[in-house]
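What follows is structure_14.cif (mmCIF, C-alpha atoms).
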data_coords
#
loop_
_atom_site.label_atom_id
_atom_site.label_comp_id
_atom_site.auth_asym_id
_atom_site.auth_seq_id
_atom_site.Cartn_x
_atom_site.Cartn_y
_atom_site.Cartn_z
CA MET X 1 3.55 26.06 30.81
CA LYS X 2 6.69 26.12 28.68
CA LYS X 3 7.38 22.48 29.55
CA ASN X 4 3.85 21.53 28.44
CA LYS X 5 4.34 23.32 25.12
CA VAL X 6 7.58 21.41 24.57
CA SER X 7 5.92 18.07 25.37
CA HIS X 8 3.02 18.90 23.05
CA ALA X 9 5.42 19.83 20.25
CA LYS X 10 7.36 16.59 20.81
CA PHE X 11 4.13 14.57 20.70
CA ILE X 12 3.15 16.21 17.41
CA GLU X 13 6.61 15.70 15.88
CA THR X 14 6.70 12.03 16.91
CA TYR X 15 3.23 11.42 15.50
CA GLU X 16 3.97 13.08 12.16
CA LYS X 17 7.34 11.35 11.68
CA TYR X 18 6.85 7.88 13.10
CA ILE X 19 3.24 7.08 13.98
CA LYS X 20 0.89 8.54 11.37
CA GLU X 21 1.41 6.03 8.55
CA ASP X 22 1.29 3.02 10.88
CA ARG X 23 -1.91 4.36 12.44
CA LYS X 24 -3.46 4.77 9.00
CA ASN X 25 -2.58 1.16 8.12
CA TYR X 26 -3.99 -0.01 11.46
CA TYR X 27 -7.41 1.47 10.71
CA LYS X 28 -7.33 0.13 7.16
CA ARG X 29 -6.93 -3.33 8.63
CA MET X 30 -9.75 -2.66 11.11
CA ILE X 31 -12.05 -1.71 8.23
CA ASN X 32 -11.11 -4.89 6.39
CA ASN X 33 -11.80 -6.93 9.56
CA ASN X 34 -8.26 -8.22 9.58
CA HIS X 35 -7.54 -7.14 13.13
CA ASN X 36 -9.61 -7.07 16.29
CA SER X 37 -9.42 -6.86 20.08
CA PHE X 38 -8.88 -10.62 20.32
CA SER X 39 -5.72 -10.48 18.21
CA ASN X 40 -4.60 -7.38 20.15
CA GLY X 41 -4.94 -9.35 23.39
CA LEU X 42 -2.97 -12.25 21.96
CA SER X 43 -0.31 -9.79 20.80
CA LEU X 44 0.11 -8.59 24.40
CA LEU X 45 0.36 -12.19 25.63
CA PHE X 46 2.92 -13.14 22.97
CA THR X 47 4.93 -9.99 23.71
CA PHE X 48 5.18 -10.19 27.50
CA LEU X 49 4.95 -13.90 28.33
CA PRO X 50 8.57 -14.77 27.31
CA PRO X 51 10.30 -11.90 29.20
CA LEU X 52 8.15 -12.37 32.32
CA CYS X 53 8.93 -16.10 32.41
CA GLY X 54 12.62 -15.33 31.91
CA LEU X 55 12.68 -12.80 34.76
CA MET X 56 10.91 -15.28 37.02
CA VAL X 57 13.68 -17.82 36.38
CA ILE X 58 16.31 -15.15 37.15
CA VAL X 59 14.67 -14.21 40.47
CA LEU X 60 14.20 -17.85 41.54
CA ASN X 61 17.90 -18.45 40.88
CA ASN X 62 18.87 -15.36 42.91
CA PHE X 63 20.43 -13.60 39.88
CA GLU X 64 23.18 -16.23 39.57
CA ILE X 65 25.05 -16.70 36.27
CA VAL X 66 23.48 -20.15 35.85
CA GLY X 67 20.05 -18.54 36.30
CA HIS X 68 20.81 -16.09 33.50
CA ILE X 69 21.78 -18.93 31.14
CA VAL X 70 18.71 -21.00 32.07
CA ALA X 71 16.48 -17.92 31.60
CA LEU X 72 17.86 -17.35 28.09
CA VAL X 73 17.13 -20.98 27.19
CA VAL X 74 13.60 -20.74 28.65
CA VAL X 75 12.86 -17.54 26.73
CA LEU X 76 14.12 -19.09 23.48
CA ILE X 77 11.99 -22.21 23.97
CA ILE X 78 8.85 -20.22 24.82
CA CYS X 79 9.38 -17.90 21.82
CA ILE X 80 9.82 -20.85 19.46
CA ILE X 81 6.69 -22.54 20.83
CA LEU X 82 4.67 -19.33 20.43
CA LYS X 83 6.05 -18.85 16.91
CA VAL X 84 4.94 -22.39 15.99
CA ILE X 85 1.47 -21.68 17.44
CA GLN X 86 1.26 -18.46 15.46
CA THR X 87 2.29 -20.23 12.24
CA VAL X 88 -0.04 -23.22 12.68
CA MET X 89 -3.04 -21.08 13.66
CA LYS X 90 -2.14 -18.44 11.03
CA LEU X 91 -2.42 -15.66 13.60
CA ASP X 92 -1.70 -12.15 12.36
CA LEU X 93 -0.34 -10.56 15.54
CA LYS X 94 2.01 -7.98 14.07
CA ASN X 95 0.60 -4.50 14.47
CA GLN X 96 3.14 -1.75 13.97
CA TYR X 97 0.85 0.99 15.32
CA ILE X 98 0.40 -0.80 18.65
CA ASP X 99 4.14 -1.55 18.79
CA ASP X 100 4.87 2.14 18.18
CA ILE X 101 2.64 3.47 20.95
CA ARG X 102 3.84 0.83 23.44
CA LYS X 103 7.39 2.07 22.94
CA LEU X 104 6.10 5.53 23.85
CA GLY X 105 4.58 4.21 27.09
CA TYR X 106 0.96 3.74 25.96
CA PHE X 107 -0.46 0.26 26.59
CA SER X 108 -3.79 0.79 24.84
CA VAL X 109 -4.92 2.43 21.63
CA GLN X 110 -7.57 4.32 23.59
CA ASP X 111 -4.97 6.05 25.78
CA TYR X 112 -2.96 7.21 22.78
CA GLU X 113 -6.05 8.24 20.80
CA GLU X 114 -7.19 10.46 23.70
CA LYS X 115 -3.86 12.32 23.64
CA LEU X 116 -3.98 12.46 19.85
CA LYS X 117 -7.42 14.07 19.92
CA LYS X 118 -6.32 16.53 22.60
CA TYR X 119 -3.11 17.71 20.93
CA ILE X 120 -3.67 17.15 17.20
CA THR X 121 -7.03 16.08 15.74
CA GLY X 122 -9.58 17.45 18.21
CA PRO X 123 -11.00 20.94 18.82
CA GLY X 124 -8.21 23.45 19.39
CA GLY X 125 -5.62 20.89 18.30
CA TYR X 126 -2.71 21.32 15.91
CA TYR X 127 -4.69 20.34 12.80
CA GLU X 128 -7.54 22.75 13.52
CA LEU X 129 -5.13 25.65 14.01
CA LEU X 130 -3.30 24.69 10.83
CA LEU X 131 -6.61 24.54 8.92
CA GLN X 132 -7.55 28.01 10.13
CA ASP X 133 -4.18 29.40 8.99
CA LEU X 134 -4.55 27.84 5.53
CA MET X 135 -8.10 29.13 5.16
CA LYS X 136 -6.92 32.62 6.07
CA THR X 137 -3.96 32.43 3.67
CA TYR X 138 -6.14 31.35 0.72
CA ASN X 139 -9.16 33.52 1.64
CA LEU X 140 -11.47 30.54 2.09
CA THR X 141 -14.87 30.88 3.72
CA GLU X 142 -17.88 28.66 4.28
CA GLN X 143 -19.17 29.95 0.94
CA THR X 144 -16.22 28.32 -0.86
CA LYS X 145 -17.35 25.31 -2.89
CA LYS X 146 -16.88 21.87 -1.36
CA ILE X 147 -16.79 18.33 -2.67
CA ASN X 148 -16.91 15.05 -0.78
CA GLY X 149 -14.35 12.24 -0.92
CA LEU X 150 -15.30 8.58 -0.68
CA ASN X 151 -13.67 8.15 2.74
CA GLY X 152 -15.51 10.98 4.47
CA GLU X 153 -13.23 13.82 3.37
CA VAL X 154 -14.84 17.20 2.75
CA TYR X 155 -12.64 19.29 0.46
CA TYR X 156 -12.71 22.99 -0.20
CA ILE X 157 -12.13 23.29 -3.94
CA TRP X 158 -11.24 26.37 -6.00
CA ALA X 159 -9.34 27.38 -9.13
CA SER X 160 -6.36 29.69 -9.56
CA ALA X 161 -6.82 33.14 -11.03
CA LYS X 162 -5.51 31.90 -14.40
CA GLN X 163 -7.73 28.80 -14.23
CA ASP X 164 -4.66 26.67 -14.87
CA LYS X 165 -4.72 24.95 -11.47
CA ILE X 166 -7.30 23.64 -9.06
CA PHE X 167 -6.73 23.33 -5.33
CA LEU X 168 -8.15 21.00 -2.70
CA LEU X 169 -8.06 21.39 1.07
CA ASN X 170 -9.58 18.79 3.38
CA SER X 171 -11.70 20.55 6.01
CA LYS X 172 -11.82 17.50 8.32
CA THR X 173 -9.13 17.59 11.01
CA ASN X 174 -8.78 13.81 11.39
CA ASP X 175 -6.07 14.19 8.70
CA LYS X 176 -3.44 16.88 8.42
CA PRO X 177 -4.84 19.83 6.41
CA GLU X 178 -2.68 20.25 3.32
CA ILE X 179 -3.15 22.08 0.05
CA ILE X 180 -3.39 19.68 -2.90
CA SER X 181 -2.41 21.55 -6.06
CA ILE X 182 -3.39 19.95 -9.37
CA ASN X 183 -2.19 21.40 -12.65
CA VAL X 184 -5.13 21.31 -15.08
CA ALA X 185 -2.72 20.31 -17.87
CA HIS X 186 -1.90 17.17 -15.86
CA ILE X 187 -5.54 16.14 -15.47
CA ARG X 188 -6.26 13.33 -17.91
CA TYR X 189 -10.02 13.33 -17.27
CA PHE X 190 -12.74 12.91 -14.71
CA ARG X 191 -15.54 10.42 -15.22
CA VAL X 192 -18.68 9.20 -13.51
CA ASP X 193 -18.95 5.53 -12.61
CA TYR X 194 -22.71 5.06 -12.58
CA VAL X 195 -22.39 1.42 -11.54
CA GLU X 196 -20.18 1.90 -8.45
CA LYS X 197 -21.62 5.37 -7.79
CA PHE X 198 -18.47 7.51 -7.61
CA ILE X 199 -16.45 10.02 -9.62
CA VAL X 200 -12.78 9.50 -10.40
CA LEU X 201 -10.48 12.41 -11.24
CA LYS X 202 -7.48 10.97 -13.05
CA THR X 203 -4.19 12.86 -13.20
CA ASP X 204 -0.81 11.81 -14.51
CA ILE X 205 0.32 10.45 -11.14
CA THR X 206 -2.72 10.19 -8.83
CA ASP X 207 -6.38 9.20 -9.00
CA TYR X 208 -8.83 11.04 -6.73
CA TYR X 209 -12.24 9.60 -5.86
CA PHE X 210 -15.33 11.66 -4.98
CA ASN X 211 -19.01 11.16 -4.24
CA MET X 212 -21.59 11.58 -6.96
CA ASP X 213 -22.76 14.93 -5.54
CA SER X 214 -19.41 16.44 -6.60
CA LEU X 215 -20.28 16.27 -10.31
CA GLU X 216 -21.82 19.73 -10.63
CA THR X 217 -18.80 21.42 -9.01
CA LEU X 218 -16.31 19.55 -11.21
CA ASN X 219 -18.35 20.39 -14.30
CA ASP X 220 -18.20 24.07 -13.36
CA LEU X 221 -14.42 24.04 -12.85
CA ILE X 222 -13.08 21.63 -15.52
CA LYS X 223 -15.93 20.68 -17.84
CA GLU X 224 -13.49 20.25 -20.73
CA LYS X 225 -11.81 17.42 -18.79
CA ARG X 226 -14.93 15.29 -18.54
CA PHE X 227 -14.25 11.86 -20.00
CA GLU X 228 -16.99 12.18 -22.60
CA ASN X 229 -15.54 15.51 -23.79
CA ILE X 230 -11.97 14.28 -24.34
CA LYS X 231 -11.05 14.40 -28.02
CA GLY X 232 -8.42 12.11 -29.45
CA PHE X 233 -7.17 8.72 -28.28
CA THR X 234 -3.72 8.72 -26.66
CA PRO X 235 -3.05 5.23 -25.23
CA ASP X 236 0.69 5.87 -24.84
CA ILE X 237 0.01 8.58 -22.23
CA TYR X 238 -2.26 6.35 -20.14
CA ILE X 239 0.15 3.42 -20.39
CA ASN X 240 3.10 5.60 -19.39
CA ASP X 241 1.17 6.93 -16.37
CA PHE X 242 0.33 3.41 -15.25
CA GLU X 243 3.88 2.11 -15.68
CA LEU X 244 5.29 5.01 -13.65
CA TYR X 245 2.80 4.20 -10.89
CA MET X 246 3.74 0.51 -11.00
CA HIS X 247 7.46 1.26 -10.70
CA HIS X 248 6.61 3.42 -7.69
CA MET X 249 4.84 0.37 -6.24
CA LYS X 250 7.96 -1.71 -6.87
CA GLU X 251 9.98 0.77 -4.80
CA VAL X 252 7.39 0.56 -2.00
CA ILE X 253 7.53 -3.25 -1.99
CA GLY X 254 11.34 -3.21 -2.09
CA LYS X 255 11.38 -0.72 0.78
CA ASP X 256 9.62 -3.27 3.02
CA GLU X 257 12.29 -5.83 2.17
CA LYS X 258 15.11 -3.39 2.94
CA GLU X 259 13.51 -2.21 6.19
CA SER X 260 13.05 -5.82 7.33
CA ARG X 261 16.76 -6.56 6.81
CA ASN X 262 17.79 -3.35 8.60
CA LEU X 263 15.45 -4.05 11.51
CA THR X 264 16.83 -7.58 11.95
CA MET X 265 20.42 -6.27 11.91
CA ASN X 266 19.56 -3.53 14.42
CA LEU X 267 17.88 -6.03 16.73
CA MET X 268 20.90 -8.35 16.62
CA TYR X 269 23.25 -5.42 17.28
CA LYS X 270 21.09 -4.30 20.21
CA GLY X 271 20.99 -7.88 21.55
CA VAL X 272 24.79 -8.18 21.49
CA LEU X 273 25.17 -4.87 23.34
CA LEU X 274 22.67 -5.96 26.00
CA ILE X 275 24.45 -9.30 26.50
CA VAL X 276 27.78 -7.51 26.90
CA GLY X 277 26.16 -5.04 29.32
CA ILE X 278 24.61 -7.83 31.41
CA ALA X 279 27.97 -9.66 31.54
CA LEU X 280 29.63 -6.46 32.81
CA LEU X 281 26.93 -6.04 35.45
CA LEU X 282 27.52 -9.60 36.72
CA PHE X 283 31.26 -8.93 36.83
CA ILE X 284 30.78 -5.63 38.72
CA ASN X 285 28.39 -7.33 41.14
CA TYR X 286 31.10 -9.92 41.82
CA LEU X 287 33.71 -7.21 42.47
CA VAL X 288 31.47 -4.77 44.40
CA PRO X 289 28.73 -6.80 46.16
CA SER X 290 27.76 -3.78 48.28
CA TYR X 291 25.96 -2.31 45.24
CA SER X 292 24.12 -5.55 44.59
CA PHE X 293 20.60 -4.08 44.90
CA ILE X 294 21.17 -1.28 42.38
CA ILE X 295 22.97 -3.66 40.00
CA LYS X 296 20.06 -6.13 40.18
CA ILE X 297 17.58 -3.37 39.29
CA ILE X 298 19.67 -2.42 36.23
CA ASP X 299 20.11 -6.13 35.44
CA ILE X 300 16.32 -6.65 35.42
CA ILE X 301 15.85 -3.71 33.03
CA CYS X 302 18.57 -5.00 30.68
CA LEU X 303 17.28 -8.57 30.83
CA PHE X 304 13.71 -7.49 30.09
CA SER X 305 14.98 -5.51 27.08
CA LEU X 306 17.10 -8.49 25.93
CA PHE X 307 14.18 -10.91 26.16
CA ILE X 308 11.99 -8.53 24.14
CA VAL X 309 14.75 -8.30 21.51
CA ILE X 310 15.01 -12.11 21.34
CA LYS X 311 11.24 -12.33 20.93
CA ASP X 312 11.28 -9.67 18.20
CA ILE X 313 14.08 -11.45 16.29
CA ILE X 314 12.24 -14.79 16.35
CA PHE X 315 8.90 -13.19 15.41
CA GLN X 316 10.39 -10.81 12.86
CA LYS X 317 8.70 -11.46 9.55
CA LYS X 318 11.33 -12.50 7.03
CA ILE X 319 10.83 -10.73 3.72
CA GLU X 320 12.87 -12.56 1.11
CA THR X 321 13.97 -11.25 -2.27
CA LYS X 322 10.93 -11.51 -4.49
CA SER X 323 10.67 -13.44 -7.72
CA GLU X 324 8.61 -12.39 -10.72
CA ASP X 325 5.78 -14.70 -9.54
CA ASP X 326 5.88 -13.05 -6.09
CA TYR X 327 5.49 -9.60 -7.63
CA ILE X 328 2.63 -10.77 -9.86
CA LYS X 329 0.78 -12.21 -6.86
CA ILE X 330 1.30 -9.07 -4.74
CA LEU X 331 0.35 -6.60 -7.47
CA ASN X 332 -2.75 -8.50 -8.61
CA THR X 333 -4.14 -8.68 -5.06
CA ASN X 334 -3.32 -5.10 -4.05
CA ARG X 335 -6.53 -3.05 -3.99
CA GLU X 336 -4.92 0.18 -5.21
CA CYS X 337 -3.13 -1.59 -8.07
CA VAL X 338 -6.37 -3.29 -9.10
CA GLU X 339 -8.15 0.10 -9.10
CA HIS X 340 -5.43 1.73 -11.22
CA PHE X 341 -5.45 -1.20 -13.65
CA HIS X 342 -9.22 -1.01 -13.97
CA GLU X 343 -8.95 2.72 -14.71
CA LEU X 344 -6.26 2.05 -17.32
CA LYS X 345 -8.56 -0.38 -19.12
CA ILE X 346 -11.36 2.16 -19.14
CA ALA X 347 -9.01 4.86 -20.47
CA LEU X 348 -7.95 2.48 -23.24
CA GLY X 349 -11.57 1.67 -24.07
CA ILE X 350 -11.24 -1.95 -22.93
CA LYS X 351 -14.48 -3.54 -21.77
CA GLU X 352 -14.82 -6.65 -19.64
CA ASP X 353 -16.89 -8.45 -22.26
CA TYR X 354 -14.11 -8.69 -24.85
CA ASP X 355 -12.92 -12.15 -25.83
CA THR X 356 -10.08 -13.74 -23.86
CA VAL X 357 -7.35 -15.94 -25.30
CA TYR X 358 -4.47 -17.60 -23.45
CA THR X 359 -0.81 -18.18 -24.15
CA GLN X 360 0.81 -21.57 -23.59
CA GLU X 361 2.15 -20.20 -20.29
CA GLY X 362 -1.40 -19.42 -19.10
CA PHE X 363 -1.36 -15.62 -19.49
CA ALA X 364 -4.73 -14.10 -20.41
CA TYR X 365 -5.01 -11.62 -23.28
CA LEU X 366 -8.10 -9.59 -24.14
CA THR X 367 -8.57 -9.27 -27.88
CA TRP X 368 -11.02 -7.45 -30.12
CA VAL X 369 -11.35 -5.65 -33.45
CA ALA X 370 -12.42 -1.98 -33.57
CA ASN X 371 -11.92 0.98 -35.91
CA GLY X 372 -9.90 -1.06 -38.39
CA TYR X 373 -7.45 -2.36 -35.77
CA PHE X 374 -6.81 -5.73 -34.18
CA HIS X 375 -6.27 -5.15 -30.44
CA VAL X 376 -4.39 -7.41 -28.00
CA PHE X 377 -4.03 -6.55 -24.29
CA LEU X 378 -2.32 -8.56 -21.53
CA ASN X 379 -4.91 -8.78 -18.74
CA LEU X 380 -2.32 -8.97 -15.96
CA ILE X 381 -1.11 -6.31 -13.55
CA TYR X 382 2.64 -5.97 -13.86
CA PHE X 383 5.29 -3.28 -14.17
CA ASN X 384 4.99 -3.12 -17.94
CA VAL X 385 1.82 -2.97 -20.02
CA VAL X 386 1.49 -5.17 -23.10
CA TYR X 387 -0.96 -3.58 -25.52
CA MET X 388 -0.93 -3.81 -29.29
CA ALA X 389 -3.24 -2.09 -31.76
CA ILE X 390 -2.41 -3.61 -35.14
CA ASN X 391 -3.77 -2.36 -38.45
CA LEU X 392 -5.90 -5.11 -39.94
CA SER X 393 -3.87 -4.89 -43.15
CA ASP X 394 -0.80 -5.96 -41.12
CA VAL X 395 -2.54 -9.14 -39.92
CA MET X 396 -1.52 -11.79 -42.47
CA TYR X 397 -3.50 -14.76 -41.12
CA PHE X 398 -4.26 -16.97 -38.13
CA ALA X 399 -3.86 -20.73 -38.21
CA ARG X 400 -4.01 -23.67 -35.85
CA GLU X 401 -0.88 -25.77 -35.80
CA LYS X 402 -0.92 -28.84 -33.52
CA ASN X 403 -1.55 -27.53 -29.97
CA GLU X 404 -1.29 -23.82 -30.68
CA CYS X 405 -2.97 -21.10 -32.65
CA LEU X 406 -0.66 -18.69 -34.43
CA VAL X 407 -1.47 -15.15 -35.52
CA LYS X 408 0.96 -14.11 -38.23
CA LEU X 409 1.57 -10.37 -38.35
CA LYS X 410 3.66 -8.38 -40.78
CA ASP X 411 6.66 -8.24 -38.40
CA LYS X 412 6.00 -10.94 -35.77
CA THR X 413 4.01 -14.01 -34.84
CA LEU X 414 1.76 -14.32 -31.80
CA SER X 415 1.19 -17.73 -30.21
CA PHE X 416 -1.85 -18.79 -28.17
CA THR X 417 -3.48 -22.06 -27.13
CA LYS X 418 -5.41 -24.00 -29.75
CA GLU X 419 -8.74 -22.87 -28.21
CA ALA X 420 -8.01 -19.31 -29.42
CA GLU X 421 -8.87 -20.42 -32.97
CA THR X 422 -12.59 -20.13 -32.17
CA VAL X 423 -12.15 -16.53 -31.00
CA PHE X 424 -10.13 -15.46 -34.03
CA ALA X 425 -12.59 -17.18 -36.35
CA LYS X 426 -15.22 -14.86 -34.91
CA ILE X 427 -13.32 -11.54 -34.82
CA LEU X 428 -10.95 -12.15 -37.80
CA PRO X 429 -13.12 -14.20 -40.20
CA ASN X 430 -11.28 -12.98 -43.28
CA LYS X 431 -7.85 -13.91 -41.87
CA ASP X 432 -8.37 -17.66 -41.55
CA TYR X 433 -5.35 -19.32 -43.18
CA ASN X 434 -7.39 -22.15 -44.68
CA TRP X 435 -9.96 -19.73 -46.07
CA LEU X 436 -7.23 -17.52 -47.55
CA LYS X 437 -5.52 -20.56 -49.00
CA GLY X 438 -8.75 -21.66 -50.64
CA LEU X 439 -9.31 -18.17 -51.99
CA LYS X 440 -5.85 -18.18 -53.58
CA ASN X 441 -6.47 -21.54 -55.18
CA VAL X 442 -9.59 -20.17 -56.82
#
How would this structure read if it were set down as structure tokens?
Amino acid sequence: MKKNKVSHAKFIETYEKYIKEDRKNYYKRMINNNHNSFSNGLSLLFTFLPPLCGLMVIVLNNFEIVGHIVALVVVLIICIILKVIQTVMKLDLKNQYIDDIRKLGYFSVQDYEEKLKKYITGPGGYYELLLQDLMKTYNLTEQTKKINGLNGEVYYIWASAKQDKIFLLNSKTNDKPEIISINVAHIRYFRVDYVEKFIVLKTDITDYYFNMDSLETLNDLIKEKRFENIKGFTPDIYINDFELYMHHMKEVIGKDEKESRNLTMNLMYKGVLLIVGIALLLFINYLVPSYSFIIKIIDIICLFSLFIVIKDIIFQKKIETKSEDDYIKILNTNRECVEHFHELKIALGIKEDYDTVYTQEGFAYLTWVANGYFHVFLNLIYFNVVYMAINLSDVMYFAREKNECLVKLKDKTLSFTKEAETVFAKILPNKDYNWLKGLKNV
């Protein structure tokens, strides 16, 4: 019984430390239809075909040194051919979750998921026991209010005695039950999106999304934080929140690059050690042929590991140092970044129907006039936000000069393509240079 408890504890520790995030990404890809059983089958073929072919060559050559050399060449050739096939057919075979569980001895997702349900997520598992402890600690009952997340979460929600914090606890045990503590002072607002049918609770660092049926509960707890009830316009706060989030994203992207380099170095180091070990085995076999059978068994294990390493090195996705254009492409296609950017625009009062002008470099700016200010906003997701709200009295004029349209401000000049003249003629009719010039001449 004690041994079982130790193995269960080890399973839980391994899952929490090494598997959980990769599993979450795996199911995200499944939802987006980017991975299926067909690609999983191909992944198995691509993984085990090279080492099996290499071992076959070794056996046919009776474990001779020449056989080892030929096997290495065969494995390299097969890996290169498979890599070319993957590239030409644009196959996405890399699945870290499946790689993780294979290293633990599970050859199918189903096998691992059954153990996961038994030890962690299912009835009587680690997460259920943890949930019960948290409910007891915070005096939660089935009468405690609940709200529903967009991804099937069901949260207990309650306020602190001083009403200065609200707490969330997911009651579903498919995720680890954890107390989410939100300082009310750090809540920017919550708003209802009647078009997309959800509620977003925006804080300084995180956005939470809930179903529409959560509105009454949120109104009871933090009615003063409802978007329509927020008094005052503080764009600097929203911009600062977004930029902090974007710099966090930069660290996440850079982490992938660093991990890729480290993994490649570790694989090469492991490969060198295996080659040295195999060479020693061949030498020992030459000196002590009486242990040939045992040495061949160890040799097969080392060779199989070496061939897997060679395959992993060749198939390892190279993540190069990213340029500014690379970051722009990644950020503007990342779903979470797009959602945060959309929320920023709403917080700043920017609507999709504002006029768009372009710089000579092709960057799109939204521009409009409201409340006595001329507004310009760079409609591009990047690490820094470009947003200007300029008092109309500080706008001197706009004028078309050759292939550009210039907006002269009190302290700077903005340059756009010549087509922007039509937009500014509509929103800044009294700032047309030619009109002003004519007025002065009168």
Leaving out range 49-62 of chain X and any residue of its chain fewer than 4 positions from it, which residues lie within 9 Å of it when counting all atoms listed in the file, given as an NGL selection string? :X and (44-45 or 66-79 or 300 or 303-308 or 311)
Grab the residues selected above and save them as a PDB file, in the coordinates of the input with C-alpha atoms.
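Saved the output as part.pdb:
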ATOM      1  CA  LEU X  44       0.110  -8.590  24.400  1.00  0.00           C
ATOM      2  CA  LEU X  45       0.360 -12.190  25.630  1.00  0.00           C
ATOM      3  CA  VAL X  66      23.480 -20.150  35.850  1.00  0.00           C
ATOM      4  CA  GLY X  67      20.050 -18.540  36.300  1.00  0.00           C
ATOM      5  CA  HIS X  68      20.810 -16.090  33.500  1.00  0.00           C
ATOM      6  CA  ILE X  69      21.780 -18.930  31.140  1.00  0.00           C
ATOM      7  CA  VAL X  70      18.710 -21.000  32.070  1.00  0.00           C
ATOM      8  CA  ALA X  71      16.480 -17.920  31.600  1.00  0.00           C
ATOM      9  CA  LEU X  72      17.860 -17.350  28.090  1.00  0.00           C
ATOM     10  CA  VAL X  73      17.130 -20.980  27.190  1.00  0.00           C
ATOM     11  CA  VAL X  74      13.600 -20.740  28.650  1.00  0.00           C
ATOM     12  CA  VAL X  75      12.860 -17.540  26.730  1.00  0.00           C
ATOM     13  CA  LEU X  76      14.120 -19.090  23.480  1.00  0.00           C
ATOM     14  CA  ILE X  77      11.990 -22.210  23.970  1.00  0.00           C
ATOM     15  CA  ILE X  78       8.850 -20.220  24.820  1.00  0.00           C
ATOM     16  CA  CYS X  79       9.380 -17.900  21.820  1.00  0.00           C
ATOM     17  CA  ILE X 300      16.320  -6.650  35.420  1.00  0.00           C
ATOM     18  CA  LEU X 303      17.280  -8.570  30.830  1.00  0.00           C
ATOM     19  CA  PHE X 304      13.710  -7.490  30.090  1.00  0.00           C
ATOM     20  CA  SER X 305      14.980  -5.510  27.080  1.00  0.00           C
ATOM     21  CA  LEU X 306      17.100  -8.490  25.930  1.00  0.00           C
ATOM     22  CA  PHE X 307      14.180 -10.910  26.160  1.00  0.00           C
ATOM     23  CA  ILE X 308      11.990  -8.530  24.140  1.00  0.00           C
ATOM     24  CA  LYS X 311      11.240 -12.330  20.930  1.00  0.00           C
TER      25      LYS X 311
END
Would you list the residues near (-18.7, 19.7, -16.7), meaning any protein, DNA or RNA residue with an atom at most 12 Å from that point in file coordinates, counting only C-alpha atoms, as a CSV table (one decimal) with C-alpha atoms, in the coordinates of the input?
chain,number,residue,atom,x,y,z
X,189,TYR,CA,-10.0,13.3,-17.3
X,190,PHE,CA,-12.7,12.9,-14.7
X,191,ARG,CA,-15.5,10.4,-15.2
X,192,VAL,CA,-18.7,9.2,-13.5
X,214,SER,CA,-19.4,16.4,-6.6
X,215,LEU,CA,-20.3,16.3,-10.3
X,216,GLU,CA,-21.8,19.7,-10.6
X,217,THR,CA,-18.8,21.4,-9.0
X,218,LEU,CA,-16.3,19.6,-11.2
X,219,ASN,CA,-18.4,20.4,-14.3
X,220,ASP,CA,-18.2,24.1,-13.4
X,221,LEU,CA,-14.4,24.0,-12.8
X,222,ILE,CA,-13.1,21.6,-15.5
X,223,LYS,CA,-15.9,20.7,-17.8
X,224,GLU,CA,-13.5,20.2,-20.7
X,225,LYS,CA,-11.8,17.4,-18.8
X,226,ARG,CA,-14.9,15.3,-18.5
X,227,PHE,CA,-14.2,11.9,-20.0
X,228,GLU,CA,-17.0,12.2,-22.6
X,229,ASN,CA,-15.5,15.5,-23.8
X,230,ILE,CA,-12.0,14.3,-24.3
When you look at Asn183 in chain X with a cut-off of 6 Å (counting only C-alpha atoms), what residues show up, excluding the ones that are within fewer than 2 positions of it in the same chain? I need them as a count of residues only. 3
Once the PyMOL selection byres ((chain X and resi 411) around 10) has been evaluated on this model, what residues remain selected, and can you format them as a PyMOL selection string? chain X and resi 394-396+408-410+412-413
Have a look at X:Lys162, X:Lys317, X:Arg102, X:Lys20 and name the one nearest to Lys83 in chain X; count all atoms listed in the file.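 The closest residue to Lys83 in chain X is X:Lys317.
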Which one is closest to Asn384 in chain X: X:Thr14, X:Thr87, X:Asn240, X:Asn95? Count only C-alpha atoms.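 Nearest candidate to Asn384 in chain X out of X:Thr14, X:Thr87, X:Asn240, X:Asn95: X:Asn240.
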Which residues would end up in the selection if the PyMOL selection byres ((chain X and resi 356-373) around 8) were applied here, given that I need the answer as number ranges by chain? X: 354-355, 374-380, 389-392, 404, 415-417, 419-420, 423, 427-428
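Residues in contact with Val109 in chain X at 12 Å, where all atoms listed in the file are counted and same-chain residues fewer than 2 positions away are skipped, are listed as Arg23, Tyr26, Tyr27, Asn36, Ser37, Asn40, Gly41, Asn95, Gln96, Tyr97, Ile98, Asp99, Asp100, Ile101, Arg102, Leu104, Gly105, Tyr106, Phe107, Asp111, Tyr112, Glu113, Glu114, Lys115 and Leu116 of chain X.
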So what does the PyMOL selection byres ((chain X and resi 152) around 10) actually pick up in this one, as a ChimeraX atom specification? /X:148-151,153-155,170,172,210-211
Kindly compute an axis-aligned box around the listed atoms of range 15-31 of chain X, allowing 8 Å on each side, and express its centre and edge lengths in Å to one decimal as AutoDock Vina command-line options.
--center_x -2.4 --center_y 4.9 --center_z 11.3 --size_x 35.4 --size_y 32.4 --size_z 24.3
Please identify every residue of range 150-173 of chain X that has at least one atom no farther than 12 Å from an atom of range 134-143 of chain X, counting all atoms listed in the file, and for each give the shortest atom pair and the distance in Å to one decimal, arranged by chain then increasing number, as a tab-separated table.
residue	atom	partner	partner_atom	distance
X:Val154	CA	X:Glu142	CA	12.0
X:Tyr155	CA	X:Glu142	CA	11.4
X:Tyr156	CA	X:Leu140	CA	8.0
X:Ile157	CA	X:Leu140	CA	9.5
X:Trp158	CA	X:Leu140	CA	9.1
X:Ala159	CA	X:Tyr138	CA	11.1
X:Ser160	CA	X:Tyr138	CA	10.4
X:Ala161	CA	X:Tyr138	CA	11.9
X:Phe167	CA	X:Tyr138	CA	10.1
X:Leu168	CA	X:Tyr138	CA	11.1
X:Leu169	CA	X:Leu134	CA	8.6
X:Asn170	CA	X:Leu134	CA	10.6
X:Ser171	CA	X:Met135	CA	9.3
